[in-house]
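**Student:** File name protein06.cif; file contents mmCIF, C-alpha atoms and all ligand atoms; full text below.
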```cif
data_data
#
loop_
_atom_site.label_atom_id
_atom_site.label_comp_id
_atom_site.auth_asym_id
_atom_site.auth_seq_id
_atom_site.Cartn_x
_atom_site.Cartn_y
_atom_site.Cartn_z
CA MET A 253 83.26 80.71 113.01
CA ASN A 254 80.30 82.89 111.99
CA SER A 255 79.16 83.55 108.45
CA GLY A 256 78.10 87.06 107.59
CA ASN A 257 77.77 89.55 104.78
CA VAL A 258 79.27 92.88 103.88
CA ILE A 259 76.79 95.72 104.45
CA TYR A 260 79.18 98.34 103.09
CA ASN A 261 82.90 98.65 102.46
CA ARG A 262 83.50 102.40 102.12
CA ARG A 263 86.70 103.99 100.99
CA LEU A 264 87.40 106.82 103.41
CA LYS A 265 90.56 108.31 101.96
CA ALA A 266 93.64 107.04 100.13
CA GLY A 267 93.89 103.37 101.17
CA ASP A 268 91.68 103.51 104.27
CA TYR A 269 88.36 101.69 104.44
CA HIS A 270 85.37 101.36 106.76
CA LEU A 271 83.83 97.90 106.62
CA ALA A 272 80.46 96.98 108.17
CA LEU A 273 79.41 93.34 108.48
CA ARG A 274 76.05 91.82 109.26
CA LEU A 275 76.41 88.77 111.53
CA PRO A 276 74.03 86.47 113.39
CA THR A 277 72.87 87.41 116.89
CA GLY A 278 74.88 84.52 118.36
CA PHE A 279 78.05 86.56 117.82
CA ALA A 280 79.24 87.54 121.32
CA ASP A 281 79.65 91.18 122.37
CA PRO A 282 83.33 92.10 121.93
CA LEU A 283 85.23 93.91 124.68
CA PRO A 284 87.45 96.91 123.90
CA GLY A 285 90.81 95.77 122.54
CA GLN A 286 89.56 92.41 121.29
CA PHE A 287 89.85 91.49 117.62
CA VAL A 288 88.34 89.19 115.00
CA MET A 289 89.84 87.01 112.28
CA LEU A 290 88.18 87.80 108.97
CA ARG A 291 88.19 85.65 105.85
CA THR A 292 86.45 85.88 102.51
CA THR A 293 85.59 83.04 100.20
CA ALA A 294 85.63 85.07 96.98
CA PRO A 295 87.22 85.99 94.65
CA ALA A 296 89.57 83.34 96.09
CA PRO A 297 89.90 81.75 99.52
CA LEU A 298 92.14 83.93 101.62
CA LEU A 299 94.09 83.39 104.75
CA SER A 300 92.36 84.98 107.71
CA ARG A 301 93.52 88.44 108.73
CA PRO A 302 93.17 90.01 112.20
CA PHE A 303 91.20 93.24 112.63
CA SER A 304 90.50 95.23 115.77
CA VAL A 305 86.87 95.97 116.51
CA TYR A 306 85.87 99.57 115.70
CA ARG A 307 82.15 99.46 116.56
CA PHE A 308 79.58 96.85 117.45
CA THR A 309 75.79 97.19 117.66
CA ARG A 310 72.92 94.79 118.26
CA HIS A 311 69.76 94.97 116.17
CA ARG A 312 66.63 92.91 115.91
CA GLY A 313 67.69 89.65 114.24
CA HIS A 314 71.34 90.54 113.58
CA VAL A 315 74.42 92.35 114.86
CA VAL A 316 76.67 94.81 113.03
CA LEU A 317 80.42 94.64 113.39
CA GLU A 318 82.43 97.58 112.05
CA LEU A 319 86.13 97.57 111.24
CA LEU A 320 88.57 100.20 109.97
CA TYR A 321 91.51 99.04 107.91
CA ARG A 322 94.30 100.31 105.71
CA VAL A 323 95.40 98.56 102.53
CA VAL A 324 98.96 97.43 103.21
CA GLY A 325 99.36 94.36 100.98
CA GLY A 326 97.67 91.86 98.72
CA GLY A 327 95.33 90.49 101.40
CA THR A 328 93.92 93.84 102.49
CA LYS A 329 93.74 94.92 98.82
CA LEU A 330 91.40 91.99 98.17
CA PHE A 331 89.33 92.98 101.20
CA SER A 332 89.05 96.49 99.78
CA GLN A 333 87.44 95.08 96.63
CA MET A 334 84.60 93.28 98.44
CA PRO A 335 81.24 94.70 97.34
CA SER A 336 78.10 94.80 99.50
CA GLY A 337 76.66 91.35 99.99
CA THR A 338 79.99 89.49 99.86
CA GLU A 339 79.97 86.51 102.18
CA VAL A 340 82.62 86.54 104.91
CA LYS A 341 83.64 84.25 107.75
CA VAL A 342 84.37 85.83 111.11
CA LEU A 343 86.07 84.17 114.04
CA GLY A 344 85.81 85.99 117.34
CA PRO A 345 85.77 88.03 119.38
CA LEU A 346 89.27 86.93 120.28
CA GLY A 347 92.06 87.78 122.72
CA ARG A 348 92.30 89.76 125.93
CA GLY A 349 91.29 93.36 125.69
CA PHE A 350 91.91 96.43 127.87
CA ARG A 351 91.42 96.04 131.61
CA ILE A 352 89.60 98.98 133.19
CA GLY A 353 90.30 99.71 136.83
CA ARG A 354 87.41 100.93 138.97
CA ALA A 355 89.50 103.56 140.70
CA VAL A 356 90.63 105.19 137.47
CA ARG A 357 89.39 108.77 137.05
CA ASN A 358 91.70 109.87 134.25
CA HIS A 359 91.52 107.65 131.18
CA VAL A 360 94.19 108.57 128.62
CA LEU A 361 93.62 107.03 125.20
CA ILE A 362 96.58 107.18 122.82
CA ALA A 363 96.40 106.21 119.16
CA GLY A 364 98.70 106.34 116.17
CA GLY A 365 97.52 105.63 112.62
CA MET A 366 94.83 102.94 112.43
CA GLY A 367 95.19 102.37 116.16
CA ILE A 368 92.31 104.83 116.29
CA ALA A 369 89.87 101.94 115.59
CA PRO A 370 90.25 100.02 118.88
CA ILE A 371 90.77 103.29 120.77
CA SER A 372 87.39 104.54 119.47
CA PHE A 373 85.71 101.34 120.55
CA LEU A 374 87.26 101.70 124.00
CA ALA A 375 86.16 105.36 124.19
CA GLU A 376 82.59 104.39 123.35
CA PHE A 377 82.67 101.67 126.01
CA LEU A 378 84.03 104.08 128.64
CA GLN A 379 81.44 106.68 127.70
CA GLN A 380 78.67 104.16 128.29
CA THR A 381 80.03 102.71 131.52
CA MET A 382 81.81 105.43 133.46
CA GLY A 383 80.35 108.10 135.68
CA ARG A 384 80.27 111.77 134.83
CA GLU A 385 83.09 112.62 137.20
CA LYS A 386 85.60 110.63 135.16
CA GLY A 387 87.28 112.10 132.11
CA MET A 388 88.87 110.99 128.88
CA THR A 389 91.94 112.47 127.28
CA PHE A 390 92.89 111.62 123.71
CA CYS A 391 96.44 111.82 122.38
CA LEU A 392 96.34 111.16 118.66
CA GLY A 393 99.10 111.05 116.11
CA ALA A 394 99.44 110.59 112.35
CA LYS A 395 101.88 111.45 109.58
CA SER A 396 99.67 114.21 108.25
CA SER A 397 96.15 115.63 108.67
CA ASP A 398 95.10 113.59 105.61
CA ASP A 399 96.04 110.38 107.42
CA PHE A 400 93.51 110.78 110.22
CA VAL A 401 90.41 108.63 109.99
CA GLY A 402 87.67 108.35 112.57
CA LEU A 403 88.45 111.67 114.25
CA GLU A 404 84.85 112.89 113.94
CA ARG A 405 83.60 109.86 115.84
CA LEU A 406 85.92 110.62 118.77
CA GLU A 407 84.85 114.27 118.74
CA GLU A 408 81.23 113.12 119.08
CA ILE A 409 82.19 111.04 122.12
CA GLY A 410 84.05 114.01 123.59
CA GLY A 411 87.07 114.55 125.79
CA HIS A 412 90.29 116.56 125.92
CA PHE A 413 92.22 116.33 122.66
CA HIS A 414 95.96 116.52 122.00
CA ILE A 415 96.88 116.00 118.37
CA ALA A 416 100.26 115.71 116.67
CA THR A 417 101.25 115.21 113.04
CA ASP A 418 104.72 114.53 111.67
CA ASP A 419 104.38 117.39 109.15
CA GLY A 420 102.52 119.86 111.40
CA THR A 421 99.38 119.97 109.20
CA LEU A 422 97.17 119.32 112.25
CA GLY A 423 97.95 119.96 115.90
CA THR A 424 101.53 119.99 117.11
CA CYS A 425 104.36 119.20 114.70
CA GLY A 426 106.09 116.03 115.86
CA LEU A 427 105.31 112.64 117.29
CA VAL A 428 102.43 111.98 119.63
CA THR A 429 104.88 110.48 122.10
CA ASP A 430 106.81 113.79 122.25
CA MET A 431 103.95 115.44 124.12
CA LEU A 432 103.45 112.71 126.70
CA PRO A 433 106.18 113.48 129.25
CA GLY A 434 104.87 117.06 129.56
CA LEU A 435 101.25 115.95 129.91
CA ALA A 436 102.14 113.14 132.30
CA ALA A 437 103.59 115.64 134.77
CA GLY A 438 100.01 116.69 135.56
CA TRP A 439 98.58 113.19 135.98
CA ASN A 440 98.09 111.45 139.33
CA PRO A 441 99.39 107.88 138.73
CA ARG A 442 96.98 106.41 141.28
CA VAL A 443 93.90 107.37 139.28
CA THR A 444 95.33 107.44 135.76
CA SER A 445 95.44 104.70 133.18
CA LEU A 446 96.90 104.85 129.67
CA TYR A 447 95.58 102.72 126.81
CA VAL A 448 97.65 102.72 123.65
CA CYS A 449 97.33 101.37 120.14
CA GLY A 450 99.61 102.27 117.27
CA PRO A 451 102.55 101.17 115.16
CA PRO A 452 105.43 99.33 116.87
CA GLY A 453 107.80 102.32 116.62
CA MET A 454 105.33 104.47 118.53
CA LEU A 455 104.91 101.88 121.27
CA ARG A 456 108.67 101.52 121.59
CA SER A 457 109.11 105.30 121.92
CA LEU A 458 106.40 105.39 124.53
CA ALA A 459 108.15 102.67 126.54
CA ALA A 460 111.29 104.80 126.48
CA CYS A 461 109.68 108.09 127.53
CA LEU A 462 106.81 107.25 129.86
CA PRO A 463 107.48 108.36 133.44
CA ALA A 464 107.62 105.49 135.95
CA GLY A 465 104.52 104.62 137.92
CA ILE A 466 101.85 105.47 135.35
CA PRO A 467 99.87 102.33 134.45
CA CYS A 468 99.92 101.75 130.71
CA GLN A 469 98.41 99.02 128.55
CA VAL A 470 99.41 98.61 124.92
CA SER A 471 97.69 96.72 122.14
CA MET A 472 100.32 94.81 120.16
CA GLU A 473 100.24 94.08 116.44
CA ALA A 474 101.46 90.80 114.98
CA ARG A 475 101.10 88.65 111.92
CA MET A 476 98.53 86.02 112.78
CA ALA A 477 97.60 82.76 111.13
CA CYS A 478 95.29 80.95 113.56
CA GLY A 479 94.31 83.67 116.05
CA LEU A 480 93.84 81.00 118.70
CA GLY A 481 97.25 80.43 120.28
CA ALA A 482 97.89 77.23 118.31
CA CYS A 483 100.52 78.08 115.67
CA LEU A 484 102.77 80.29 117.88
CA GLY A 485 103.40 82.48 114.86
CA CYS A 486 102.57 85.62 116.85
CA ALA A 487 104.75 84.84 119.91
CA ILE A 488 106.64 87.72 121.52
CA SER A 489 109.06 87.90 124.44
CA THR A 490 107.75 89.22 127.74
CA VAL A 491 109.39 89.61 131.11
CA THR A 492 107.87 88.46 134.40
CA ARG A 493 108.06 90.35 137.73
CA ARG A 494 110.94 88.03 138.64
CA ASN A 495 112.78 89.06 135.47
CA LYS A 496 112.26 85.80 133.64
CA ILE A 497 111.79 85.95 129.87
CA VAL A 498 108.60 84.19 128.82
CA LYS A 499 107.13 83.81 125.34
CA LYS A 500 103.48 84.83 125.02
CA THR A 501 101.14 84.86 122.06
CA VAL A 502 99.70 88.17 120.91
CA CYS A 503 96.46 86.50 119.80
CA ARG A 504 95.62 84.63 122.99
CA ASP A 505 97.63 86.22 125.83
CA GLY A 506 97.11 89.66 124.25
CA PRO A 507 96.75 91.63 122.11
CA VAL A 508 96.69 93.96 125.12
CA PHE A 509 99.69 93.77 127.46
CA ASP A 510 101.16 95.87 130.22
CA LEU A 511 103.69 98.17 128.54
CA ARG A 512 106.39 97.16 131.01
CA GLU A 513 105.80 93.46 130.39
CA ILE A 514 107.12 93.60 126.81
CA CYS A 515 110.79 92.94 125.98
CA TRP A 516 111.08 95.82 123.51
CA GLU A 517 114.69 95.09 122.68
CA ALA A 518 113.69 91.58 121.50
CA LEU A 519 111.07 92.80 119.02
FE1 LIG B 601 98.60 81.39 115.88
FE2 LIG B 601 98.82 83.51 117.50
S1 LIG B 601 98.25 83.50 115.45
S2 LIG B 601 99.35 81.49 117.90
#
```
Give the structure from this file in C-alpha cells form.
**Tutor:**
Amino acid sequence: MNSGNVIYNRRLKAGDYHLALRLPTGFADPLPGQFVMLRTTAPAPLLSRPFSVYRFTRHRGHVVLELLYRVVGGGTKLFSQMPSGTEVKVLGPLGRGFRIGRAVRNHVLIAGGMGIAPISFLAEFLQQTMGREKGMTFCLGAKSSDDFVGLERLEEIGGHFHIATDDGTLGTCGLVTDMLPGLAAGWNPRVTSLYVCGPPGMLRSLAACLPAGIPCQVSMEARMACGLGACLGCAISTVTRRNKIVKKTVCRDGPVFDLREICWEAL
C-alpha cells in the first residue's frame, strides 16, 4: 500500500471527475487494463474502491497516477470532495490487464461511459509501442454528447473514430454495439483484436452480436472489497474450453477476460 496526495481533483462535467495523485517512485508501472484500490483517511476512513488507470507518468522523485471517475454513490461522492493535498492510500497496480498479440495489425478499442479511462490508457500504450503500420480504431458510446469525457485525449492520440449516442446528439443515434457487426465485416480476424470496457449491458450486447472468430477481450466491473482475490466478493462464472463452469475473481483473474470465457447468462 502506497501513501500519496491529491494533486488535483477536477470536476469535468455533471458528476464526472479527473483525479491526479502524486505517489512515490516505488509505485510500479501499471499495464493497460490494470486497476488500483484507492482509500482516503479523511473526512472518515472509507472502504477501498477500485479505479481503472487513466494515465501514468514518471517524474523526478515521484510518479503521477491519473483516474477518471463518476459519482455513483456515497463513496465516490466523498472522493469528489477531496481537495488538493488530501492524503490517500493506493494499492496496486492490480489484476491482469489487456494482452496484446504481436501479430495484431488492427486494434479496435471499444468504450462505453467511463470505460473510456482504461481504453485511453491502452491507446496511449499502443501508440508508444506499436509500429506505424498498425492502426487503431475507436468505437465509443455514451447516452448523450454531454456524457463523453476524455474524448479530446483520444483525438490527440489519433485513429479512426466511430461514435454513437443514445439520443443522437453526437455521431450515430443508437448503441455503440449496433455498429459493430457492420464494421466487423471488414476486419480480418487473424490480425484484429478487440478491447472493450463499458457497462455490463453493453458487454452483454457485444457478446450477443460479435461475429465468431474475432478475438475480443473485455474488462469486467465488479464490487470489490479486498482487490486481492481473498474475499471472493467479486467472483463471476466463467466457462472453460471443455465447457466446465469455473468461478474466477474479477480482481485477480481479471479484470480483463476473453469475451467468450464469461457466462453472461449467470451475471
Ligand atoms: Fe476480494 Fe476480488 S475483491 S476477491
**Student:** Grab the CA of Val316 in chain A to CA of Glu376 in chain A distance for me, in Å with one decimal place.
**Tutor:**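 Straight-line distance from CA of Val316 in chain A to CA of Glu376 in chain A works out to 15.3 Å.
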**Student:** Enumerate as a PyMOL selection string the residues within 9 Å of ligand LIG 601 (chain B), counting all atoms listed in the file.
**Tutor:** chain A and resi 302+474-487+500-505
**Student:** Considering only C-alpha atoms, state which residue in the set A:Leu435, A:Met253, A:Leu343, A:Leu378 is at the smallest distance from Val356 in chain A.
**Tutor:**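 Ranked by minimum distance to Val356 in chain A, first place goes to A:Leu378.
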**Student:** Between A:Gly434, A:Gly453, A:Pro284, A:Pro276, which one has atoms that come closest to Ala369 in chain A, using all atoms listed in the file?
**Tutor:**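 Answer, going by the shortest atom-to-atom distance: A:Pro284.
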**Student:** Fewer than 6 positions away in the same chain doesn't count, so skip those; otherwise give me all residues within 10 Å of Thr429 in chain A, counting all atoms listed in the file, as a PDB file with C-alpha atoms, in the coordinates of the input.
**Tutor:**
```pdb
ATOM      1  CA  ILE A 362      96.580 107.180 122.820  1.00  0.00           C
ATOM      2  CA  ALA A 363      96.400 106.210 119.160  1.00  0.00           C
ATOM      3  CA  GLY A 364      98.700 106.340 116.170  1.00  0.00           C
ATOM      4  CA  CYS A 391      96.440 111.820 122.380  1.00  0.00           C
ATOM      5  CA  LEU A 392      96.340 111.160 118.660  1.00  0.00           C
ATOM      6  CA  GLY A 393      99.100 111.050 116.110  1.00  0.00           C
ATOM      7  CA  ALA A 416     100.260 115.710 116.670  1.00  0.00           C
ATOM      8  CA  MET A 454     105.330 104.470 118.530  1.00  0.00           C
ATOM      9  CA  LEU A 455     104.910 101.880 121.270  1.00  0.00           C
ATOM     10  CA  ARG A 456     108.670 101.520 121.590  1.00  0.00           C
ATOM     11  CA  SER A 457     109.110 105.300 121.920  1.00  0.00           C
ATOM     12  CA  LEU A 458     106.400 105.390 124.530  1.00  0.00           C
ATOM     13  CA  ALA A 459     108.150 102.670 126.540  1.00  0.00           C
ATOM     14  CA  ALA A 460     111.290 104.800 126.480  1.00  0.00           C
ATOM     15  CA  CYS A 461     109.680 108.090 127.530  1.00  0.00           C
ATOM     16  CA  LEU A 462     106.810 107.250 129.860  1.00  0.00           C
TER      17      LEU A 462
END
```
**Student:** Excluding Thr277 in chain A and residues on its chain fewer than 3 positions from it, collect all residues at most 9 Å away from it, counting all atoms listed in the file, and give them as a ChimeraX atom specification.
**Tutor:** /A:280,310-315
**Student:** For Gly285 in chain A, which residue among A:Leu374, A:Val323, A:Ala436, A:Leu317 is the nearest when counting all atoms listed in the file?
**Tutor:**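 Looking only at the distances to Gly285 in chain A, the closest residue turns out to be A:Leu374.
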**Student:** By how many Å are CA of Leu330 in chain A and CA of Leu519 in chain A apart?
**Tutor:** 28.7 Å
**Student:** What would the list of residues within 10 Å of (87.4, 107.0, 106.2) (file frame) look like as a list of chain:residue names, if all atoms listed in the file are what count?
**Tutor:** A:Arg262, A:Arg263, A:Leu264, A:Lys265, A:Ala266, A:Gly267, A:Asp268, A:Tyr269, A:His270, A:Leu271, A:Leu320, A:Tyr321, A:Arg322, A:Asp399, A:Phe400, A:Val401, A:Gly402, A:Leu403
**Student:** Would you compute the distance between CA of Gly450 in chain A and CA of Leu361 in chain A? Give it in Å to one decimal.
**Tutor:**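 Rounded to one decimal, the two atoms are 11.0 Å apart.
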**Student:** If we count only C-alpha atoms and set the cut-off at 9 Å, which residues sit around Tyr260 in chain A, ignoring sequence neighbours fewer than 2 positions away in its own chain? Please answer as JSON, numbers by chain.
**Tutor:** {"A": [258, 262, 270, 271, 272, 273, 334, 335, 336, 337]}
**Student:** Go ahead and save the residues from that selection, with C-alpha atoms, as a PDB file, keeping the file's coordinate frame.
**Tutor:**
```
ATOM      1  CA  VAL A 258      79.270  92.880 103.880  1.00  0.00           C
ATOM      2  CA  ARG A 262      83.500 102.400 102.120  1.00  0.00           C
ATOM      3  CA  HIS A 270      85.370 101.360 106.760  1.00  0.00           C
ATOM      4  CA  LEU A 271      83.830  97.900 106.620  1.00  0.00           C
ATOM      5  CA  ALA A 272      80.460  96.980 108.170  1.00  0.00           C
ATOM      6  CA  LEU A 273      79.410  93.340 108.480  1.00  0.00           C
ATOM      7  CA  MET A 334      84.600  93.280  98.440  1.00  0.00           C
ATOM      8  CA  PRO A 335      81.240  94.700  97.340  1.00  0.00           C
ATOM      9  CA  SER A 336      78.100  94.800  99.500  1.00  0.00           C
ATOM     10  CA  GLY A 337      76.660  91.350  99.990  1.00  0.00           C
TER      11      GLY A 337
END
```
**Student:** Here is a test: counting all atoms listed in the file, which residue of A:Val305, A:Cys425, A:Met382, A:Ile514 is nearest to Gln469 in chain A?
**Tutor:**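 Checking each candidate against Gln469 in chain A, we get A:Ile514 as the closest.
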